[in-house]
Amino acid sequence: MQKKGKEIGFLDSFSADTAVVPIVINGLIENLKKFQFPQDEIDEIVLSMDESLTNAIQETIKKNERTLPEIDIRIDRRDITVRYTISDDVFDATIIDHGKGLDLFNILNMVPDSGSANYKDQIVSYASDSEKAKILVRINGEEVPLRGIGAGLKIILNFMDSVTIDLIDKEKILSTSVSEHTDGTIFNMRRRRRYR
């Protein structure tokens with residue numbers, strides 16, 4: 001943790017282990033309290049961070065189990081990088097992981113089923129303008145449209161002003177021989193202070 005002027009910054013890397021979540025969250029709560037964020041705001045930020053951290057860790061664990069079974073899990077790997085800054089007016093966080101990221105094939109191909117009983121509800125949930133305005137998804141820097149999102153991301157979008165997800169595909173952007181750590185997800189969320 002680093003405090004400079006009217007801002008607190010945090011940056012660290014961790015192995016993909018769910019034990020990381022309370023470590024980061026407890027420090028985050030302490031830092032938000034230093035800036036006298038009200039409890040409602042702390043709760044919303046913590047819920048968003050918890051959701052994004054847990055997802056990043058779970059996806060990285062899944063990837064590691066599939067691609068690196070011969071490597072001893074006890075090796076101290078640094079798979080998750082967490083950065084956040086807190087000021088009087090803004091919370092900004094980035095989580096970088098080496099998991100597979102969003103299931104873009106399913107998200108891009110989600111189409112409301114006109115034969116279903118809840119067709120109108122599907123249209124509303126898949127085409128919500130308020131959600132689209134708050135999220136930007138890119139693959140190798142090129143923006144891709146979303147037609148649907150999961151519950152966890154909906155929660156985060158409810159509490160954040162903007163979310164940017166950069167998916168990095170090493171096979172298209174870098175040589176596949178660079179390392180297993182050249183692909184993954186860069187997840188950024190940001191919000192201005194809402195309560196005083």
# chains A, B, ... in the order shown; residues from 1 in each chain; ligands from 1

call {"tool": "residues_around", "arguments": {"residues": "stretch 24-26 of chain A", "least_positions_apart": "2", "cutoff": "9 Å", "atoms": "only C-alpha atoms", "output": "MDAnalysis selection string"}}
result
chainID A and resid 20:22 28:31 46 49:50 53 82

call {"tool": "residues_around", "arguments": {"residues": "stretch 183-192 of chain A", "least_positions_apart": "4", "cutoff": "8 Å", "atoms": "only C-alpha atoms", "output": "PyMOL selection string"}}
result
chain A and resi 52+89-101+159-170

call {"tool": "residues_around", "arguments": {"residues": "A:Thr60", "least_positions_apart": "2", "cutoff": "7 Å", "atoms": "only C-alpha atoms", "output": "list in words"}}
result
Ala16, Ala56, Ile57, Gln58, Lys62, Lys63, Asn64, Asp97, His98 and Gly99 of chain A

call {"tool": "write_last_selection", "arguments": {"atoms": "C-alpha atoms", "output": "PDB file, in the first residue's frame"}}
result
ATOM      1  CA  ALA A  16      -4.450 -18.221  -7.774  1.00  0.00           C
ATOM      2  CA  ALA A  56     -10.314 -14.254 -11.766  1.00  0.00           C
ATOM      3  CA  ILE A  57      -8.970 -16.807  -9.285  1.00  0.00           C
ATOM      4  CA  GLN A  58     -11.444 -19.527 -10.279  1.00  0.00           C
ATOM      5  CA  LYS A  62      -9.326 -23.979 -14.036  1.00  0.00           C
ATOM      6  CA  LYS A  63      -6.801 -23.024 -16.695  1.00  0.00           C
ATOM      7  CA  ASN A  64      -3.853 -24.152 -14.588  1.00  0.00           C
ATOM      8  CA  ASP A  97      -5.481 -12.888 -14.434  1.00  0.00           C
ATOM      9  CA  HIS A  98      -4.327 -15.681 -16.672  1.00  0.00           C
ATOM     10  CA  GLY A  99      -7.611 -17.534 -16.952  1.00  0.00           C
TER      11      GLY A  99
END

call {"tool": "closest_residue", "arguments": {"among": "A:Ile139, A:Ile42, A:Leu11, A:Ile61", "to": "A:Thr81", "atoms": "only C-alpha atoms"}}
result
A:Leu11
